[in-house]
Every structure is written in C-alpha cells, then in structure tokens.
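Engineer: File structure.txt follows (compact mmCIF, C-alpha atoms):
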```txt
# COMPACT_ATOMS: atom_id res chain seq x y z
CA MET A 1 0.00 0.00 0.00
CA THR A 2 1.52 3.30 -1.06
CA GLU A 3 1.47 6.31 1.19
CA HIS A 4 -1.39 8.77 0.64
CA SER A 5 -0.30 11.96 -1.16
CA LEU A 6 -1.56 13.99 1.80
CA TRP A 7 1.18 12.75 4.12
CA ARG A 8 3.96 13.61 1.72
CA PHE A 9 2.41 17.00 1.06
CA SER A 10 1.96 17.66 4.77
CA ARG A 11 5.60 16.85 5.61
CA ALA A 12 6.91 18.99 2.75
CA PHE A 13 4.59 21.87 3.67
CA HIS A 14 5.68 21.94 7.30
CA ARG A 15 9.31 21.65 6.29
CA ALA A 16 8.80 24.60 3.94
CA ILE A 17 7.35 26.69 6.76
CA ASN A 18 9.78 25.77 9.52
CA GLU A 19 13.02 25.30 7.59
CA ARG A 20 12.26 27.67 4.69
CA GLN A 21 13.15 24.77 2.45
CA LEU A 22 10.90 25.02 -0.62
CA ALA A 23 12.41 22.27 -2.80
CA ASP A 24 10.33 19.38 -1.38
CA ILE A 25 7.02 21.21 -1.65
CA ALA A 26 7.84 22.55 -5.13
CA ALA A 27 8.20 18.96 -6.33
CA LEU A 28 4.67 18.17 -5.10
CA LEU A 29 2.78 21.06 -6.74
CA ASP A 30 1.14 20.63 -10.12
CA GLU A 31 2.29 23.34 -12.56
CA ASP A 32 -1.30 24.54 -12.85
CA VAL A 33 -2.29 24.16 -9.17
CA GLU A 34 -5.39 26.07 -8.04
CA TRP A 35 -5.05 27.42 -4.50
CA ALA A 36 -7.13 29.56 -2.15
CA ILE A 37 -6.91 30.44 1.54
CA TYR A 38 -10.11 32.22 2.52
CA GLY A 39 -9.52 34.95 5.08
CA PRO A 40 -9.00 38.69 5.48
CA ILE A 41 -6.59 39.67 2.70
CA ASP A 42 -6.23 43.07 4.38
CA LEU A 43 -4.49 41.39 7.30
CA PHE A 44 -2.33 38.86 5.47
CA SER A 45 -1.45 39.42 1.85
CA PHE A 46 -0.90 35.68 1.34
CA PHE A 47 -4.61 34.98 1.81
CA GLY A 48 -6.71 34.77 -1.33
CA ALA A 49 -6.69 32.82 -4.58
CA ARG A 50 -3.61 31.85 -6.61
CA ARG A 51 -3.02 29.86 -9.77
CA GLY A 52 0.18 28.06 -10.82
CA LYS A 53 3.23 26.74 -9.03
CA PRO A 54 5.29 29.99 -8.84
CA ALA A 55 2.39 31.96 -7.28
CA VAL A 56 1.74 29.19 -4.72
CA LEU A 57 5.43 28.88 -3.80
CA GLU A 58 5.45 32.62 -3.17
CA VAL A 59 2.47 32.25 -0.81
CA ILE A 60 4.23 29.46 1.09
CA ARG A 61 7.38 31.59 1.32
CA GLN A 62 5.35 34.45 2.76
CA ILE A 63 3.67 32.17 5.32
CA ALA A 64 7.15 30.99 6.35
CA GLU A 65 8.25 34.63 6.76
CA ASN A 66 5.43 35.19 9.22
CA PHE A 67 4.90 31.99 11.17
CA ARG A 68 6.57 28.96 12.65
CA VAL A 69 4.56 25.81 13.23
CA HIS A 70 4.93 24.74 16.83
CA ARG A 71 2.58 21.77 16.59
CA PHE A 72 -0.65 20.69 14.96
CA GLU A 73 -3.41 18.20 15.60
CA ARG A 74 -5.77 16.70 13.01
CA GLU A 75 -9.21 16.72 14.64
CA SER A 76 -11.14 15.31 11.67
CA ILE A 77 -9.87 13.70 8.50
CA MET A 78 -11.23 12.11 5.36
CA LEU A 79 -9.06 10.43 2.73
CA GLY A 80 -10.18 9.46 -0.77
CA ALA A 81 -8.08 7.94 -3.54
CA ASP A 82 -6.78 11.32 -4.72
CA THR A 83 -8.48 13.64 -2.28
CA ALA A 84 -8.16 14.60 1.36
CA ALA A 85 -9.91 16.89 3.80
CA SER A 86 -9.06 17.66 7.38
CA MET A 87 -9.87 19.98 10.20
CA MET A 88 -6.70 20.91 12.06
CA ARG A 89 -5.70 22.89 15.10
CA TYR A 90 -2.36 24.67 14.71
CA SER A 91 -0.17 26.13 17.40
CA LEU A 92 1.95 28.75 15.66
CA THR A 93 4.50 31.34 16.66
CA ALA A 94 4.48 34.73 14.96
CA GLN A 95 8.00 35.30 13.61
CA ASP A 96 8.16 39.01 14.39
CA SER A 97 6.77 39.05 17.94
CA ASN A 98 7.29 35.42 19.05
CA LYS A 99 3.65 35.55 20.08
CA PRO A 100 1.90 32.15 20.28
CA ILE A 101 -1.16 31.84 18.05
CA ALA A 102 -3.63 28.95 18.05
CA VAL A 103 -5.89 28.65 15.05
CA ARG A 104 -8.27 26.11 13.56
CA ILE A 105 -8.33 25.51 9.80
CA ALA A 106 -10.11 23.18 7.39
CA HIS A 107 -8.59 22.13 4.09
CA PHE A 108 -9.77 20.26 1.01
CA ALA A 109 -7.00 18.93 -1.24
CA GLN A 110 -7.03 17.22 -4.62
CA PHE A 111 -4.04 15.37 -6.09
CA ARG A 112 -3.23 13.91 -9.52
CA ASN A 113 -0.27 11.56 -9.89
CA GLY A 114 0.86 12.59 -6.43
CA LEU A 115 0.86 16.31 -7.25
CA LEU A 116 -1.42 18.88 -5.64
CA THR A 117 -3.89 20.24 -8.21
CA ARG A 118 -6.44 22.01 -6.01
CA PHE A 119 -6.27 23.28 -2.42
CA ARG A 120 -8.92 25.17 -0.50
CA VAL A 121 -8.35 26.36 3.06
CA LEU A 122 -10.83 27.94 5.44
CA VAL A 123 -9.54 29.64 8.59
CA ASP A 124 -11.34 30.50 11.81
CA SER A 125 -10.44 34.01 10.74
CA PHE A 126 -11.94 36.09 13.54
CA ASP A 127 -10.00 34.11 16.11
CA LEU A 128 -6.82 34.55 14.06
CA VAL A 129 -7.41 38.28 13.67
CA GLU A 130 -7.89 38.86 17.39
CA GLN A 131 -4.77 36.91 18.30
CA THR A 132 -2.71 38.60 15.61
CA VAL A 133 -3.66 42.18 16.37
CA GLY A 134 -3.31 41.35 20.05
CA TYR A 135 -6.49 42.93 21.38
CA PRO A 136 -10.11 41.76 21.59
CA ILE A 137 -12.41 43.23 18.96
CA HIS A 138 -15.57 44.48 20.58
CA LEU A 139 -18.69 42.90 19.15
CA PRO A 140 -22.32 43.70 19.73
CA ARG A 141 -24.25 40.61 20.78
CA ILE A 142 -26.46 39.81 17.79
CA ALA A 143 -28.06 36.53 18.69
CA VAL A 144 -28.97 35.64 22.23
CA ALA A 145 -30.92 32.70 23.54
CA GLN A 146 -34.61 33.49 23.03
CA MET B 1 -27.76 2.06 -3.71
CA THR B 2 -29.13 3.86 -0.68
CA GLU B 3 -28.93 7.61 -0.33
CA HIS B 4 -25.99 8.96 1.69
CA SER B 5 -26.96 10.14 5.17
CA LEU B 6 -25.58 13.59 4.32
CA TRP B 7 -28.33 14.34 1.79
CA ARG B 8 -31.12 13.46 4.19
CA PHE B 9 -29.45 15.46 6.94
CA SER B 10 -28.91 18.44 4.62
CA ARG B 11 -32.56 18.53 3.50
CA ALA B 12 -33.81 18.26 7.08
CA PHE B 13 -31.38 20.92 8.30
CA HIS B 14 -32.41 23.45 5.67
CA ARG B 15 -36.06 22.68 6.28
CA ALA B 16 -35.48 23.28 10.00
CA ILE B 17 -33.90 26.67 9.28
CA ASN B 18 -36.32 27.94 6.66
CA GLU B 19 -39.60 26.42 7.82
CA ARG B 20 -38.80 26.19 11.54
CA GLN B 21 -39.84 22.58 11.27
CA LEU B 22 -37.64 20.61 13.69
CA ALA B 23 -39.29 17.17 13.47
CA ASP B 24 -37.30 15.91 10.45
CA ILE B 25 -33.93 16.96 11.83
CA ALA B 26 -34.74 15.65 15.33
CA ALA B 27 -35.27 12.20 13.81
CA LEU B 28 -31.75 12.29 12.32
CA LEU B 29 -29.79 13.25 15.45
CA ASP B 30 -28.21 10.60 17.64
CA GLU B 31 -29.29 10.99 21.29
CA ASP B 32 -25.67 11.56 22.26
CA VAL B 33 -24.63 13.71 19.26
CA GLU B 34 -21.43 15.76 19.65
CA TRP B 35 -21.68 19.15 17.93
CA ALA B 36 -19.47 22.23 17.61
CA ILE B 37 -19.59 25.36 15.47
CA TYR B 38 -16.30 27.21 15.90
CA GLY B 39 -16.73 30.98 15.84
CA PRO B 40 -17.11 34.04 18.07
CA ILE B 41 -19.53 32.99 20.81
CA ASP B 42 -19.73 36.66 21.86
CA LEU B 43 -21.50 37.45 18.60
CA PHE B 44 -23.77 34.42 18.28
CA SER B 45 -24.70 32.44 21.34
CA PHE B 46 -25.39 29.37 19.22
CA PHE B 47 -21.70 29.00 18.36
CA GLY B 48 -19.67 26.64 20.50
CA ALA B 49 -19.82 23.03 21.60
CA ARG B 50 -22.97 21.08 22.50
CA ARG B 51 -23.69 17.50 23.51
CA GLY B 52 -26.96 15.60 23.12
CA LYS B 53 -30.06 15.94 20.96
CA PRO B 54 -31.96 18.54 23.03
CA ALA B 55 -28.96 20.92 23.14
CA VAL B 56 -28.37 20.58 19.39
CA LEU B 57 -32.06 21.11 18.57
CA GLU B 58 -31.93 24.30 20.61
CA VAL B 59 -28.92 25.50 18.56
CA ILE B 60 -30.77 24.79 15.31
CA ARG B 61 -33.82 26.64 16.62
CA GLN B 62 -31.63 29.64 17.43
CA ILE B 63 -30.01 29.61 13.98
CA ALA B 64 -33.52 29.57 12.47
CA GLU B 65 -34.48 32.58 14.63
CA ASN B 66 -31.60 34.54 13.16
CA PHE B 67 -31.17 33.44 9.54
CA ARG B 68 -32.94 32.26 6.46
CA VAL B 69 -31.03 30.24 3.86
CA HIS B 70 -31.40 31.88 0.49
CA ARG B 71 -29.18 29.43 -1.38
CA PHE B 72 -26.01 27.40 -0.92
CA GLU B 73 -23.36 25.88 -3.12
CA ARG B 74 -21.10 22.93 -2.24
CA GLU B 75 -17.63 23.90 -3.47
CA SER B 76 -15.80 20.78 -2.25
CA ILE B 77 -17.20 17.53 -0.99
CA MET B 78 -15.94 14.18 0.28
CA LEU B 79 -18.21 11.26 1.13
CA GLY B 80 -17.19 8.16 3.05
CA ALA B 81 -19.39 5.26 4.12
CA ASP B 82 -20.58 7.01 7.28
CA THR B 83 -18.75 10.30 7.00
CA ALA B 84 -18.98 13.46 4.94
CA ALA B 85 -17.09 16.73 4.66
CA SER B 86 -17.85 19.72 2.52
CA MET B 87 -16.92 23.32 1.99
CA MET B 88 -20.01 25.38 1.28
CA ARG B 89 -20.89 28.92 0.39
CA TYR B 90 -24.16 30.11 1.90
CA SER B 91 -26.25 33.10 0.92
CA LEU B 92 -28.29 33.94 3.99
CA THR B 93 -30.70 36.63 5.03
CA ALA B 94 -30.58 37.99 8.58
CA GLN B 95 -34.10 37.66 10.00
CA ASP B 96 -34.11 40.93 11.92
CA SER B 97 -32.65 43.28 9.29
CA ASN B 98 -33.32 41.38 6.06
CA LYS B 99 -29.63 42.01 5.31
CA PRO B 100 -28.03 39.55 2.86
CA ILE B 101 -25.02 37.71 4.27
CA ALA B 102 -22.66 35.47 2.29
CA VAL B 103 -20.46 33.14 4.28
CA ARG B 104 -18.22 30.17 3.63
CA ILE B 105 -18.23 27.20 6.02
CA ALA B 106 -16.58 23.78 6.21
CA HIS B 107 -18.20 20.85 7.99
CA PHE B 108 -17.15 17.35 8.98
CA ALA B 109 -20.00 14.97 9.79
CA GLN B 110 -20.10 11.44 11.15
CA PHE B 111 -23.17 9.20 11.05
CA ARG B 112 -24.12 5.87 12.62
CA ASN B 113 -27.16 3.98 11.35
CA GLY B 114 -28.18 7.12 9.48
CA LEU B 115 -28.06 9.32 12.61
CA LEU B 116 -25.65 12.20 13.12
CA THR B 117 -23.18 11.39 15.90
CA ARG B 118 -20.52 14.08 15.41
CA PHE B 119 -20.58 17.43 13.60
CA ARG B 120 -17.83 20.01 13.42
CA VAL B 121 -18.28 23.30 11.58
CA LEU B 122 -15.70 25.97 10.84
CA VAL B 123 -16.88 29.40 9.67
CA ASP B 124 -14.99 32.13 7.83
CA SER B 125 -15.76 34.03 10.99
CA PHE B 126 -14.14 37.40 10.29
CA ASP B 127 -16.12 37.74 7.09
CA LEU B 128 -19.30 36.81 8.95
CA VAL B 129 -18.58 39.28 11.75
CA GLU B 130 -18.02 42.21 9.37
CA GLN B 131 -21.20 41.50 7.45
CA THR B 132 -23.23 41.01 10.60
CA VAL B 133 -22.13 44.12 12.45
CA GLY B 134 -22.45 46.01 9.16
CA TYR B 135 -19.19 47.95 9.20
CA PRO B 136 -15.62 47.08 8.20
CA ILE B 137 -13.31 46.30 11.11
CA HIS B 138 -10.07 48.18 10.70
CA LEU B 139 -7.03 45.93 10.65
CA PRO B 140 -3.37 46.75 10.72
CA ARG B 141 -1.56 45.14 7.82
CA ILE B 142 0.55 42.43 9.44
CA ALA B 143 2.06 40.52 6.56
CA VAL B 144 2.97 42.22 3.33
CA ALA B 145 4.86 40.83 0.37
CA GLN B 146 8.53 40.92 1.24
```
Is it possible to give me this structure as structure tokens?
Structural biologist:
Amino acid sequence: MTEHSLWRFSRAFHRAINERQLADIAALLDEDVEWAIYGPIDLFSFFGARRGKPAVLEVIRQIAENFRVHRFERESIMLGADTAASMMRYSLTAQDSNKPIAVRIAHFAQFRNGLLTRFRVLVDSFDLVEQTVGYPIHLPRIAVAQ
Amino acid sequence: MTEHSLWRFSRAFHRAINERQLADIAALLDEDVEWAIYGPIDLFSFFGARRGKPAVLEVIRQIAENFRVHRFERESIMLGADTAASMMRYSLTAQDSNKPIAVRIAHFAQFRNGLLTRFRVLVDSFDLVEQTVGYPIHLPRIAVAQ
C-alpha cells in the first residue's frame, strides 16, 4: 500500500514553513495548481486565490516569513483515492513578535499523480485576527438565547 | 444504492432553518450527538460546543431565529461510508434586518445507522462578523509581500 499523497504534502509543507526549504514542496505542486486560503486579505497578503506553481510557492514563502509551526493536531480527516480533507488545530508562533497563536483551519485537497492540483483552506479568521492584532475586537451581541 | 446520510441530513437541516420545522432533523440526530460550530460565541450564542439531541435542537432553533437560507453551493465535498465533509458557500438573510449575508463554512460529519453522531463546523468568521455588524473592522496590515 503506497502512502497517501496527503502525508507527503503535509511533511513537505511543514518543512517549507519551519526550515524555509521550498524544494520538497515545489516537487509536489502541479504546474497549474489552483489554490485559495479564505480569510481577510487586508491582514495577510498571502490569503486569497492563486493559480500556478510559482504563485503558490510565493504564498508558502510568505507564510514561512510570518509563522513557525509549533505543533498541529488533526481533529477530523477524510481520505479518498486522490483527495483529502481535514480539520486541524495549529499552534503557531508569529516570527516578528514570538507571540503564540492557536488557530483552527479546514482544508480540502485534490491530487493527480501525487501532485497537488487544487487546495482550499478555510480559517477561523476572527479568532486569528484577534490573536494577531493582540487585542479583543468588541462585538455587539447579535443573537442571544430566546 | 441507498442515499448517503448527508443528503437526508442536509434537507432536514435546511427545512429546519427555513420552515422552523424541527421534526425531520430531530429524527436524524443521535441521542448523544457531539456538535461544535467554531466561531465568536460573543457574537452568536449558538456558536460553540454542545452534547446531546436537546442541546443541538436548541442550537438549530436559534439559527432559524436569526437566519434564512437563500441558497447554498457545495464547493468541495468528500463522502465516506458514514462520514462526509464539505466546503459550502451560503447566501443567507438575517431575520431581523433582512440584510443579505454570504459566508463560507466547512463541515465534517459522522453518522451511525443514518443518525448524526458528530458534527464540526468551521466558519470564515471574520467575514461573517463584518457582514453582521455592518461595518468594516479596521485591521493593521501584518504581513505584506517581502
């Protein structure tokens, strides 16, 4: 039984972030990869949609400039033949401030011949924003138990 | 081939929200269902973790008090024998203001004998917060292209 593409991708991705070593991950991206991390682009310029290997490598480089992965936990996972989805909880460190940041993400990945062709990431963005700016954002209470 | 539990659950869930008809969805929840919608609890009291059918029905009732589903699109989906995950884009209407709200969510669902036993939902929460409060939240730009 061969290893699922997700595990190879995951190792290469974390190596890219923590060791700023992009060669492994570059070898696992389809030339025409479609990529999107949904979240506030105003806060992090590497959020948003990208197309093609060079644009995606640049996003990964920018993530590596900003964060270090301390640890992560996969809370839910589904694996198909060439697909994978998981919900993960990351413990990160912000590179500039050394501030710890904990954030939950969900990703959907599609592979072809072991290469990533499509990647969609959703972030618990409000939680990330509050931890990143470093102060609570005041919210009116919209929905209360009725 | 029998229908996947997800489709029955999805129909019953949307009927619960839009018609405030909880009977169908109640019949599809395991007595001991584990449920969590990750997002700012300060904004919506129905976010957070719940355990058991009565607590989950109360959450669904509260969602129905606050939103109407206008339409939704499944952007990514994975189906296992008793599991399902999708990334969805919802067009909602806020019940009090009639304001349209578009939000992306990811869910991971687990079923047993057709009943929902575990449900985890991640929301693009910053986007939801801005649309709900009705004004842009000013953010410092943290990460810029370097």
Engineer: Using all atoms listed in the file for the distances, tell me which of B:Val69, B:Ala27, B:Leu115, B:Ala109 is nearest to chain A.
Structural biologist: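 That would be B:Ala109, the residue with the smallest distance to chain A.
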Engineer: Excluding same-chain residues fewer than 4 positions from stretch 49-64 of chain A, what lies within 6 Å of it counting all atoms listed in the file, as a ChimeraX atom specification?
Structural biologist: /A:17,31-36
Engineer: What gap, in Å, lies between atom CA of B:Pro40 and atom CA of B:Val103?
Structural biologist: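 Going from atom CA of B:Pro40 over to atom CA of B:Val103 covers 14.2 Å.
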Engineer: One number please: atom CA of A:Ala94 to atom CA of A:His14, in Å, one decimal.
Structural biologist: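 Atom CA of A:Ala94 sits 15.0 Å away from atom CA of A:His14.
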Engineer: Which one is closest to chain B: A:Ala81, A:Pro100, A:Gly39, A:Ser91? Count only C-alpha atoms.
Structural biologist: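 Of A:Ala81, A:Pro100, A:Gly39, A:Ser91, the one nearest chain B, counting only C-alpha atoms, is A:Gly39.
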